[in-house]
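data.txt (compact mmCIF, C-alpha atoms and all ligand atoms) appears below.
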```txt
# COMPACT_ATOMS: atom_id res chain seq x y z
CA MET L 27 105.33 171.23 -113.46
CA ARG L 28 103.75 169.25 -110.68
CA ARG L 29 107.13 168.76 -109.03
CA SER L 30 107.71 172.46 -108.76
CA VAL L 31 104.44 172.80 -106.88
CA ILE L 32 105.51 170.14 -104.43
CA GLY L 33 108.93 171.77 -104.17
CA SER L 34 107.51 175.07 -103.07
CA ALA L 35 105.06 173.35 -100.77
CA LYS L 36 107.93 171.41 -99.28
CA ALA L 37 109.91 174.51 -98.50
CA LEU L 38 106.88 176.13 -96.97
CA SER L 39 105.90 173.21 -94.83
CA ASN L 40 109.46 172.82 -93.60
CA ARG L 41 109.95 176.39 -92.64
CA SER L 42 107.06 178.67 -92.20
CA CYS L 43 103.72 176.99 -92.52
CA GLN L 44 103.52 175.69 -89.00
CA ASN L 45 102.81 179.23 -87.93
CA HIS L 46 99.87 181.12 -89.26
CA TRP L 47 99.99 184.27 -91.23
CA ASN L 48 97.15 185.27 -93.45
CA VAL L 49 98.96 184.15 -96.54
CA LEU L 50 97.62 182.47 -99.61
CA LEU L 51 100.11 181.77 -102.34
CA LEU L 52 98.82 182.01 -105.87
CA ARG L 53 101.03 179.97 -108.15
CA PRO L 54 101.30 181.85 -111.45
CA LEU L 55 100.57 180.36 -114.85
CA ALA L 56 103.59 180.58 -117.13
CA SER L 57 102.04 182.75 -119.82
CA SER L 58 98.56 183.85 -119.21
CA PRO L 59 97.09 187.35 -119.35
CA SER L 60 96.66 189.05 -116.03
CA ARG L 61 93.04 188.63 -114.99
CA PHE L 62 93.24 188.49 -111.24
CA LEU L 63 89.52 188.45 -110.53
CA SER L 64 86.94 187.41 -113.07
CA SER L 65 83.48 188.96 -113.12
CA THR L 66 81.77 185.61 -112.62
CA SER L 67 82.31 183.34 -109.66
CA VAL L 68 80.68 180.62 -107.61
CA LEU L 69 78.96 183.51 -105.88
CA ASP L 70 76.75 183.56 -109.02
CA SER L 71 74.79 180.56 -107.70
CA PRO L 72 71.03 181.17 -107.04
CA PRO L 73 70.51 183.71 -104.23
CA PRO L 74 69.24 182.34 -100.90
CA PRO L 75 65.74 183.37 -99.75
CA PRO L 76 65.62 186.72 -97.92
CA SER L 77 66.29 186.38 -94.19
CA SER L 78 62.96 188.02 -93.40
CA MET L 79 61.26 184.82 -94.67
CA LEU L 80 63.30 182.57 -92.38
CA PRO L 81 63.01 182.00 -88.63
CA VAL L 82 66.69 182.67 -87.97
CA SER L 83 68.27 186.02 -88.78
CA LEU L 84 71.33 187.96 -87.66
CA ASP L 85 69.03 189.87 -85.29
CA ASN L 86 68.03 186.82 -83.32
CA ILE L 87 71.04 184.49 -83.24
CA ASN L 88 73.28 184.21 -80.20
CA PRO L 89 75.15 187.56 -80.05
CA LYS L 90 78.24 185.71 -78.82
CA VAL L 91 78.39 183.90 -82.16
CA LEU L 92 78.08 187.23 -83.97
CA LYS L 93 80.88 188.73 -81.89
CA CYS L 94 83.23 185.81 -82.52
CA GLU L 95 85.81 186.31 -85.27
CA TYR L 96 88.14 183.70 -86.68
CA ALA L 97 90.50 185.42 -89.04
CA VAL L 98 92.45 182.40 -90.26
CA ARG L 99 89.29 180.98 -91.79
CA GLY L 100 87.73 184.34 -92.66
CA GLU L 101 87.21 186.47 -95.75
CA ILE L 102 90.53 185.79 -97.47
CA VAL L 103 89.92 182.06 -97.32
CA THR L 104 86.38 182.47 -98.61
CA LEU L 105 87.72 184.44 -101.57
CA ALA L 106 90.41 181.83 -102.19
CA GLN L 107 87.81 179.06 -102.23
CA ALA L 108 85.73 180.99 -104.73
CA LEU L 109 88.81 181.47 -106.94
CA GLN L 110 89.61 177.79 -106.67
CA GLU L 111 86.12 176.86 -107.84
CA GLU L 112 86.59 179.19 -110.78
CA LEU L 113 89.90 177.57 -111.66
CA LYS L 114 88.09 174.23 -111.68
CA SER L 115 85.11 175.31 -113.74
CA LYS L 116 87.08 177.61 -116.05
CA PRO L 117 90.70 176.47 -116.27
CA GLY L 118 93.00 179.31 -117.29
CA SER L 119 90.60 181.97 -116.02
CA HIS L 120 93.27 183.42 -113.72
CA PRO L 121 96.98 184.08 -114.06
CA PHE L 122 97.70 181.22 -111.67
CA ASP L 123 96.62 177.60 -111.72
CA GLU L 124 96.76 176.66 -108.09
CA ILE L 125 96.23 178.23 -104.68
CA LEU L 126 98.43 177.17 -101.78
CA TYR L 127 96.71 177.73 -98.45
CA CYS L 128 99.20 179.12 -95.97
CA ASN L 129 96.63 180.78 -93.75
CA ILE L 130 96.69 177.91 -91.30
CA GLY L 131 99.42 175.47 -90.26
CA ASN L 132 98.30 172.55 -92.40
CA PRO L 133 101.53 171.02 -93.73
CA GLN L 134 100.05 167.90 -95.34
CA SER L 135 97.84 170.08 -97.52
CA LEU L 136 101.08 171.51 -98.91
CA GLY L 137 102.69 168.19 -99.69
CA GLN L 138 104.32 167.11 -96.44
CA GLN L 139 104.03 163.35 -96.26
CA PRO L 140 102.70 161.64 -93.13
CA ILE L 141 105.08 159.67 -90.94
CA THR L 142 104.95 156.07 -92.17
CA PHE L 143 105.10 154.47 -88.73
CA PHE L 144 102.10 156.42 -87.47
CA ARG L 145 100.01 155.57 -90.51
CA GLU L 146 100.98 151.91 -90.41
CA VAL L 147 99.88 151.60 -86.80
CA LEU L 148 96.63 153.43 -87.53
CA ALA L 149 95.87 151.23 -90.54
CA LEU L 150 96.56 148.03 -88.61
CA CYS L 151 94.46 149.14 -85.64
CA ASP L 152 91.58 150.00 -87.92
CA HIS L 153 91.70 146.68 -89.75
CA PRO L 154 93.07 144.19 -87.22
CA SER L 155 92.14 141.14 -89.26
CA ILE L 156 95.17 141.76 -91.52
CA LEU L 157 97.50 141.49 -88.53
CA ASP L 158 97.35 137.72 -88.78
CA ARG L 159 98.02 137.56 -92.52
CA SER L 160 101.47 136.51 -93.71
CA GLU L 161 101.62 139.30 -96.35
CA THR L 162 101.34 141.89 -93.57
CA GLN L 163 104.90 141.06 -92.41
CA GLY L 164 106.17 142.13 -95.80
CA LEU L 165 104.05 145.23 -96.10
CA PHE L 166 104.31 146.73 -92.62
CA SER L 167 107.32 147.28 -90.38
CA ALA L 168 107.74 144.84 -87.51
CA ASP L 169 107.57 147.54 -84.85
CA ALA L 170 104.36 148.99 -86.32
CA ILE L 171 102.80 145.52 -86.14
CA GLU L 172 103.98 145.12 -82.57
CA ARG L 173 102.68 148.56 -81.56
CA ALA L 174 99.32 147.90 -83.21
CA TRP L 175 98.95 144.71 -81.17
CA GLN L 176 99.85 146.60 -77.99
CA ILE L 177 97.30 149.32 -78.72
CA LEU L 178 94.55 146.91 -79.74
CA ASP L 179 95.07 145.05 -76.48
CA GLN L 180 94.32 148.31 -74.67
CA ILE L 181 91.05 148.91 -76.52
CA PRO L 182 88.05 147.10 -75.10
CA GLY L 183 86.94 144.51 -77.66
CA ARG L 184 89.71 145.81 -79.99
CA ALA L 185 86.94 147.92 -81.43
CA THR L 186 88.20 151.21 -82.85
CA GLY L 187 84.63 151.92 -83.96
CA ALA L 188 83.28 151.96 -80.42
CA TYR L 189 82.95 154.97 -78.11
CA SER L 190 85.69 155.01 -75.52
CA HIS L 191 85.91 156.35 -71.96
CA SER L 192 85.11 160.07 -72.16
CA GLN L 193 88.66 161.00 -71.17
CA GLY L 194 90.05 158.62 -73.76
CA ILE L 195 91.22 155.01 -73.74
CA LYS L 196 93.00 154.35 -70.45
CA GLY L 197 95.94 152.43 -71.97
CA LEU L 198 96.61 155.31 -74.38
CA ARG L 199 96.48 157.79 -71.52
CA ASP L 200 99.00 155.60 -69.67
CA THR L 201 101.31 155.84 -72.69
CA ILE L 202 100.88 159.60 -72.90
CA ALA L 203 101.52 160.05 -69.18
CA ALA L 204 104.69 157.94 -69.53
CA GLY L 205 105.74 160.13 -72.49
CA ILE L 206 105.20 163.31 -70.48
CA GLU L 207 107.18 161.82 -67.60
CA ALA L 208 110.06 160.92 -69.92
CA ARG L 209 109.99 164.42 -71.44
CA ASP L 210 109.79 166.36 -68.17
CA GLY L 211 111.42 164.14 -65.59
CA PHE L 212 108.41 164.62 -63.29
CA PRO L 213 105.49 162.26 -62.71
CA ALA L 214 102.37 162.47 -64.85
CA ASP L 215 99.04 160.88 -63.98
CA PRO L 216 96.93 159.24 -66.74
CA ASN L 217 93.85 160.45 -64.87
CA ASP L 218 94.96 164.03 -65.55
CA ILE L 219 94.86 163.44 -69.30
CA PHE L 220 91.78 164.29 -71.36
CA LEU L 221 92.09 163.14 -74.97
CA THR L 222 90.38 165.53 -77.36
CA ASP L 223 89.75 166.05 -81.08
CA GLY L 224 92.77 168.34 -81.37
CA ALA L 225 93.77 171.09 -78.96
CA SER L 226 90.90 173.38 -80.00
CA PRO L 227 88.05 171.54 -78.23
CA ALA L 228 90.23 171.29 -75.13
CA VAL L 229 90.69 175.07 -75.12
CA HIS L 230 86.93 175.51 -75.54
CA MET L 231 86.33 173.16 -72.63
CA MET L 232 88.54 175.21 -70.33
CA MET L 233 86.96 178.49 -71.45
CA GLN L 234 83.54 176.98 -70.80
CA LEU L 235 84.65 176.02 -67.32
CA LEU L 236 86.26 179.34 -66.41
CA ILE L 237 84.11 182.03 -68.01
CA ARG L 238 80.94 182.86 -66.11
CA SER L 239 80.18 186.29 -67.60
CA GLU L 240 81.69 189.19 -69.53
CA LYS L 241 83.33 190.19 -66.25
CA ASP L 242 85.64 187.16 -66.34
CA GLY L 243 88.87 187.95 -68.10
CA ILE L 244 91.41 185.75 -69.83
CA LEU L 245 94.88 187.20 -70.39
CA CYS L 246 95.91 186.51 -73.97
CA PRO L 247 99.05 187.28 -75.95
CA ILE L 248 98.89 189.75 -78.82
CA PRO L 249 99.66 188.73 -81.50
CA GLN L 250 97.82 185.51 -80.80
CA TYR L 251 96.39 182.49 -82.54
CA PRO L 252 92.71 183.49 -82.99
CA LEU L 253 91.33 180.35 -81.35
CA TYR L 254 91.69 182.26 -78.10
CA SER L 255 89.89 185.47 -79.01
CA ALA L 256 87.21 183.39 -80.75
CA SER L 257 86.59 181.02 -77.88
CA ILE L 258 86.60 183.82 -75.28
CA ALA L 259 83.99 185.64 -77.39
CA LEU L 260 81.92 182.47 -77.87
CA HIS L 261 81.88 181.80 -74.16
CA GLY L 262 81.07 185.42 -73.36
CA GLY L 263 84.22 186.44 -71.49
CA ALA L 264 86.60 189.39 -71.73
CA LEU L 265 89.89 189.14 -73.55
CA VAL L 266 92.57 190.90 -71.53
CA PRO L 267 95.40 191.53 -73.99
CA TYR L 268 99.06 191.51 -73.13
CA TYR L 269 101.54 192.51 -75.78
CA LEU L 270 104.56 190.51 -76.85
CA ASP L 271 107.60 192.65 -77.51
CA GLU L 272 108.93 192.31 -81.04
CA ALA L 273 112.10 194.22 -80.14
CA THR L 274 113.10 191.44 -77.71
CA GLY L 275 112.25 188.56 -80.09
CA TRP L 276 108.58 188.60 -79.09
CA GLY L 277 109.48 188.31 -75.43
CA LEU L 278 106.87 188.06 -72.72
CA GLU L 279 107.55 190.58 -69.98
CA VAL L 280 106.04 189.88 -66.56
CA SER L 281 105.89 193.66 -66.03
CA GLU L 282 103.51 193.83 -69.02
CA LEU L 283 101.35 191.08 -67.51
CA LYS L 284 101.17 192.99 -64.23
CA LYS L 285 100.25 196.21 -66.02
CA GLN L 286 97.45 194.60 -68.05
CA LEU L 287 96.16 192.70 -65.04
CA ALA L 288 95.91 195.89 -62.99
CA ASP L 289 94.23 197.67 -65.88
CA ALA L 290 91.64 194.87 -66.26
CA LYS L 291 90.92 194.84 -62.53
CA SER L 292 90.41 198.61 -62.56
CA LYS L 293 87.66 198.05 -65.14
CA GLY L 294 85.90 195.57 -62.88
CA ILE L 295 87.14 192.48 -64.68
CA THR L 296 88.11 189.39 -62.73
CA PRO L 297 91.12 187.79 -64.40
CA ARG L 298 90.76 184.01 -64.30
CA ALA L 299 93.51 182.62 -66.49
CA LEU L 300 96.62 183.42 -68.45
CA VAL L 301 97.12 181.93 -71.91
CA VAL L 302 100.74 181.42 -72.94
CA ILE L 303 101.52 179.99 -76.37
CA ASN L 304 104.99 178.48 -76.15
CA PRO L 305 106.58 178.00 -78.63
CA GLY L 306 104.61 180.89 -80.01
CA ASN L 307 102.21 181.25 -82.88
CA PRO L 308 102.40 183.40 -84.91
CA THR L 309 105.61 184.73 -83.37
CA GLY L 310 107.66 181.53 -83.13
CA GLN L 311 109.38 182.59 -79.91
CA VAL L 312 110.59 179.97 -77.44
CA LEU L 313 110.48 181.19 -73.87
CA ALA L 314 113.60 180.93 -71.74
CA GLU L 315 113.25 178.90 -68.56
CA ASP L 316 113.85 181.98 -66.44
CA ASN L 317 111.00 183.76 -68.15
CA GLN L 318 108.75 180.73 -67.62
CA ARG L 319 109.59 180.75 -63.92
CA GLY L 320 108.51 184.39 -63.71
CA ILE L 321 105.22 183.52 -65.41
CA VAL L 322 104.58 180.57 -63.08
CA GLU L 323 105.28 182.78 -60.07
CA PHE L 324 102.95 185.46 -61.43
CA CYS L 325 100.08 182.95 -61.90
CA LYS L 326 100.63 181.49 -58.45
CA GLN L 327 100.59 184.89 -56.78
CA GLU L 328 97.61 186.18 -58.72
CA GLY L 329 95.59 182.95 -58.48
CA LEU L 330 95.41 182.56 -62.26
CA VAL L 331 95.01 179.28 -64.09
CA LEU L 332 97.97 178.89 -66.46
CA LEU L 333 96.67 177.72 -69.83
CA ALA L 334 99.85 176.55 -71.57
CA ASP L 335 99.41 176.03 -75.29
CA GLU L 336 102.34 173.75 -76.00
CA VAL L 337 101.24 172.38 -79.36
CA TYR L 338 104.44 173.61 -81.06
CA GLN L 339 106.77 171.81 -78.66
CA GLU L 340 108.51 170.01 -81.53
CA ASN L 341 108.77 173.14 -83.71
CA VAL L 342 111.90 174.71 -82.29
CA TYR L 343 114.23 175.68 -85.11
CA VAL L 344 116.94 177.59 -83.25
CA PRO L 345 119.65 175.22 -81.99
CA GLU L 346 120.36 177.19 -78.83
CA LYS L 347 116.70 177.24 -77.79
CA LYS L 348 114.88 174.42 -76.11
CA PHE L 349 111.28 173.70 -75.20
CA ASP L 350 110.47 173.14 -71.54
CA SER L 351 106.92 172.45 -70.53
CA PHE L 352 105.37 174.78 -67.96
CA LYS L 353 104.63 171.77 -65.79
CA LYS L 354 108.30 170.83 -65.75
CA VAL L 355 109.25 174.40 -64.84
CA ALA L 356 106.59 174.63 -62.11
CA ARG L 357 107.60 171.28 -60.62
CA SER L 358 111.29 172.20 -60.75
CA MET L 359 110.40 175.31 -58.70
CA GLY L 360 108.92 172.96 -56.11
CA TYR L 361 105.32 173.84 -56.98
CA GLY L 362 102.96 170.89 -56.92
CA GLU L 363 99.25 170.26 -57.38
CA LYS L 364 98.29 172.51 -54.46
CA ASP L 365 100.35 175.47 -55.63
CA ILE L 366 99.33 176.12 -59.21
CA SER L 367 96.47 175.21 -61.55
CA LEU L 368 97.98 174.38 -64.88
CA VAL L 369 96.58 173.00 -68.11
CA SER L 370 98.90 171.94 -70.92
CA PHE L 371 97.50 171.53 -74.45
CA GLN L 372 99.15 169.24 -76.97
CA SER L 373 98.07 168.29 -80.49
CA VAL L 374 98.87 165.82 -83.27
CA SER L 375 98.40 168.67 -85.77
CA LYS L 376 101.80 170.28 -85.30
CA GLY L 377 105.40 169.14 -84.75
CA TYR L 378 106.96 166.97 -87.46
CA TYR L 379 103.76 164.91 -87.64
CA GLY L 380 101.33 167.61 -88.89
CA GLU L 381 98.34 165.25 -88.73
CA CYS L 382 95.84 168.15 -88.60
CA GLY L 383 92.97 166.30 -90.24
CA LYS L 384 93.15 163.36 -87.86
CA ARG L 385 92.02 165.62 -85.00
CA GLY L 386 93.97 164.32 -82.05
CA GLY L 387 95.28 165.99 -78.95
CA TYR L 388 95.02 166.10 -75.22
CA MET L 389 95.06 168.39 -72.24
CA GLU L 390 96.87 167.57 -69.04
CA VAL L 391 94.93 169.11 -66.19
CA THR L 392 96.79 169.58 -62.92
CA GLY L 393 96.13 171.54 -59.75
CA PHE L 394 92.34 171.23 -59.74
CA GLY L 395 90.33 169.66 -56.91
CA PRO L 396 88.40 166.41 -57.44
CA GLU L 397 85.07 168.22 -57.57
CA ILE L 398 86.30 170.43 -60.44
CA ARG L 399 87.83 167.44 -62.21
CA GLU L 400 84.40 165.85 -62.05
CA GLN L 401 82.89 168.89 -63.75
CA ILE L 402 85.52 168.78 -66.50
CA TYR L 403 84.80 165.09 -66.91
CA LYS L 404 81.09 165.88 -67.19
CA VAL L 405 81.75 168.42 -69.95
CA ALA L 406 84.01 165.91 -71.75
CA SER L 407 81.23 163.32 -71.45
CA VAL L 408 78.78 165.56 -73.30
CA ASN L 409 80.91 164.90 -76.39
CA LEU L 410 80.94 161.16 -75.52
CA CYS L 411 84.58 160.75 -76.52
CA SER L 412 87.16 162.03 -78.96
CA ASN L 413 87.77 160.08 -82.16
CA ILE L 414 89.80 156.93 -81.72
CA SER L 415 92.31 157.48 -84.55
CA GLY L 416 93.16 160.85 -83.00
CA GLN L 417 93.55 159.16 -79.61
CA ILE L 418 95.90 156.55 -81.05
CA LEU L 419 97.94 159.22 -82.82
CA ALA L 420 98.23 161.28 -79.64
CA SER L 421 99.71 158.23 -77.90
CA LEU L 422 102.14 157.64 -80.81
CA VAL L 423 103.26 161.27 -80.84
CA MET L 424 104.08 161.05 -77.14
CA SER L 425 105.74 157.69 -77.58
CA PRO L 426 107.46 157.56 -80.97
CA PRO L 427 109.71 154.64 -81.97
CA LYS L 428 112.79 154.34 -79.80
CA VAL L 429 116.37 154.03 -80.98
CA ASN L 430 117.21 150.53 -82.29
CA PHE L 431 113.67 150.02 -83.47
CA PHE L 432 113.18 149.76 -87.20
CA SER L 433 110.96 152.83 -87.44
CA TYR L 434 113.27 154.98 -85.35
CA LEU L 435 114.41 156.57 -88.55
CA PHE L 436 110.90 157.39 -89.56
CA VAL L 437 111.95 159.57 -92.35
CA SER L 438 109.61 161.84 -94.17
CA TYR L 439 111.16 161.85 -97.62
CA ALA L 440 108.75 164.51 -98.81
CA CYS L 441 110.27 166.96 -96.36
CA ASP L 442 113.83 165.82 -97.06
CA ILE L 443 114.56 166.00 -93.38
CA TRP L 444 115.63 163.36 -90.90
CA ILE L 445 113.47 163.25 -87.88
CA TYR L 446 114.91 161.75 -84.79
CA ASN L 447 113.83 161.56 -81.21
CA PRO L 448 114.58 164.85 -79.50
CA GLY L 449 117.06 164.56 -76.69
CA LEU L 450 118.84 161.56 -78.18
CA ASP L 451 121.92 161.57 -80.37
CA GLN L 452 121.17 161.51 -84.06
CA PRO L 453 121.63 157.92 -85.19
CA LYS L 454 124.31 156.97 -87.66
CA LEU L 455 122.82 156.68 -91.12
C1 LIG S 1 98.81 177.88 -81.10
C2 LIG S 1 97.78 176.91 -81.56
N1 LIG S 1 97.02 176.29 -80.64
C3 LIG S 1 96.07 175.42 -80.99
C4 LIG S 1 95.84 175.11 -82.32
C5 LIG S 1 94.75 174.16 -82.65
O1 LIG S 1 95.24 172.96 -83.10
P1 LIG S 1 94.35 171.67 -83.26
O2 LIG S 1 92.97 171.97 -82.83
O3 LIG S 1 94.45 171.28 -84.69
O4 LIG S 1 94.99 170.66 -82.36
C6 LIG S 1 96.60 175.72 -83.29
C7 LIG S 1 96.36 175.43 -84.70
O5 LIG S 1 97.01 175.88 -85.59
C8 LIG S 1 97.59 176.64 -82.91
O6 LIG S 1 98.35 177.27 -83.81
```

Give the structure from this file in structure tokens form.
Amino acid sequence: MRRSVIGSAKALSNRSCQNHWNVLLLRPLASSPSRFLSSTSVLDSPPPPPSSMLPVSLDNINPKVLKCEYAVRGEIVTLAQALQEELKSKPGSHPFDEILYCNIGNPQSLGQQPITFFREVLALCDHPSILDRSETQGLFSADAIERAWQILDQIPGRATGAYSHSQGIKGLRDTIAAGIEARDGFPADPNDIFLTDGASPAVHMMMQLLIRSEKDGILCPIPQYPLYSASIALHGGALVPYYLDEATGWGLEVSELKKQLADAKSKGITPRALVVINPGNPTGQVLAEDNQRGIVEFCKQEGLVLLADEVYQENVYVPEKKFDSFKKVARSMGYGEKDISLVSFQSVSKGYYGECGKRGGYMEVTGFGPEIREQIYKVASVNLCSNISGQILASLVMSPPKVNFFSYLFVSYACDIWIYNPGLDQPKL
């Protein structure tokens, strides 16, 4: 019984759950009468006091919060949680015994197992005193032990419980910059990296920087991942939609960008940035290099910041397609720091790692003057720093075990798939 749950979760996490559709799977009970919704629920708990008795009401909260919508965590999820509570308090009360949450790309919640190497390094960094124990050699892989030592040496006082530099631990940013360089074939500067608690806070930070009023517009793909509409609403800007074309595999036409840009300008909106999600969510498209060049050119000509959401860079499932970062494309066109302002978002939540709950990620900020960088640094400092486990994971994701190292074949048995370093030949098993 339990196995079949994991089996379906496995299939989901392998194939579709990295992208978000508002889907909740209700796993049916073998033979139970159909009672989809019961009349009682957790909503039966004592009613809260009327808002009129409280100082905060919907009439006097920040209207930007009211305007903000976040569909993937909205009504359907609330209903699912209520149903789940009912299943707990009254087993058999519904014709299913479990709810699988497919509304958000959260593969480990569906049974995908974490990558052993990453978890070993994290565990060792968090409890360094076991590094010197003889049993550790038997319990942990040699390269995880070695990597943990390397990372701990980069952390002041080897203290993973201490705040770090607001941009993140310098040694980890060095590793990430080296990983970007190896991926793109163009230099990356550790000082351009801001480590964050996942990509979401990084996106918020950029929206906070760019949006001054409702007259500032951000071009966003439709369909989109609702982080963008939500954060634009929260920061009080205008979402300028551009539509992906399903007929051409959810292609992004520059002519459509031009049309929407002109339309926004005619309404008195100042477009500030273009969001591109590549590979796409929820569409899954992978942009061709030619298309990316057109987008870079468009941003350069229109003076738009290119906000490149590249969190799905490892989720390319079509053999003839390949991920290229926007920075690589821009640099290969000969455009440097002075030509285009570009922010790339990366996350530990996606890819084969799916470490959503660890909250790790970074943004690489290029093409901004030192005075603006200082402002971004100031905003990052307000949060003190991102969490250290997330920082470590971000460095591991951008620098996974190399061929010939024990953990190179860091296999996730739960997914039944071999993961190997992209760009290298698959090792002989
Ligand atoms: C396209 C896209 N960007 C950003 C995120 C945010 O990821 P996180 O904040 O977990 O790094 C998600 C999450 O699913 C996403 O789908």

Quiz prompt | Interatomic distance (Å, one decimal) between atom CA of Lys384 of chain L and atom CA of Lys114 of chain L | solution = 26.7 Å

Which residues of chain L come within 6 Å of ligand LIG 1 (chain S), and for each one, what is the closest pair of atoms and their distance in Å to one decimal, counting only C-alpha atoms and all ligand atoms, sorted by chain and residue number, as CSV?
```
residue,atom,partner,partner_atom,distance
L:Gly131,CA,S:LIG1,O5,5.3
L:Gly224,CA,S:LIG1,O4,3.4
L:Ala225,CA,S:LIG1,O4,3.6
L:Ser226,CA,S:LIG1,O2,3.8
L:Tyr251,CA,S:LIG1,C1,5.4
L:Ile303,CA,S:LIG1,C1,5.8
L:Asn307,CA,S:LIG1,C1,5.1
L:Asp335,CA,S:LIG1,N1,5.9
L:Val337,CA,S:LIG1,N1,5.9
L:Ser373,CA,S:LIG1,O4,4.3
L:Ser375,CA,S:LIG1,O3,4.9
L:Cys382,CA,S:LIG1,O3,5.2
L:Gly387,CA,S:LIG1,O4,5.8
```

Practice problem: Find the residues around Arg385 of chain L up to 12 Å (all atoms listed in the file counted), leave out those fewer than 4 positions away in its own chain, and share them as a list in words. | Solution: Asn132, Leu221, Thr222, Asp223, Gly224, Ala225, Ser226, Pro227, Ala228, Gln372, Ser373, Val374, Ser375, Lys376, Gly380, Glu381, Ser412, Asn413, Ile414, Ser415, Gly416, Gln417, Ile418, Leu419 and Ala420 of chain L

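Each of L:Ile402, L:Val322, L:Leu333, L:Leu198 was checked against Gly362 of chain L using only C-alpha atoms; the smallest atom-to-atom distance is that of L:Val322.
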
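With atom CA of Thr186 of chain L on one side and atom CA of Asp152 of chain L on the other, the separation reads 6.2 Å.
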
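Taking atom CA of Ser257 of chain L and atom CA of Leu105 of chain L as endpoints, the distance between them is 24.0 Å.
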
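Minimum atom-to-atom distance to Thr162 of chain L, evaluated using only C-alpha atoms, belongs to L:Val147 out of L:Gln176, L:Asp271, L:Val147, L:Ile321.
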
Exercise. With a distance cut-off of 10 Å and all atoms listed in the file, select the neighbouring residues of Ile237 of chain L, excluding the residue or stretch itself and same-chain residues fewer than 6 positions from it, and output the selection as a count of residues only.
Key: 11

Quiz prompt | Shell of 8 Å around Val355 of chain L, only C-alpha atoms, local chain residues under 4 positions omitted, as JSON, numbers by chain | solution = {"L": [315, 318, 319, 322, 350, 351, 359]}

Self-check item: Pick from L:Ile248, L:Ile202, L:Leu113, L:Leu253 nearest to Ile130 of chain L, counting all atoms listed in the file
Solution: L:Leu253

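For the residues L:Leu313, L:Ala406, L:Val280, L:Ile206, ranking by smallest atom-to-atom distance to Val342 of chain L using all atoms listed in the file places L:Leu313 first.
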
Quiz item: Using all atoms listed in the file, which of L:Gly164, L:Gly197, L:Gly277, L:Gly386 sits nearest Gln180 of chain L?
Solution: L:Gly197
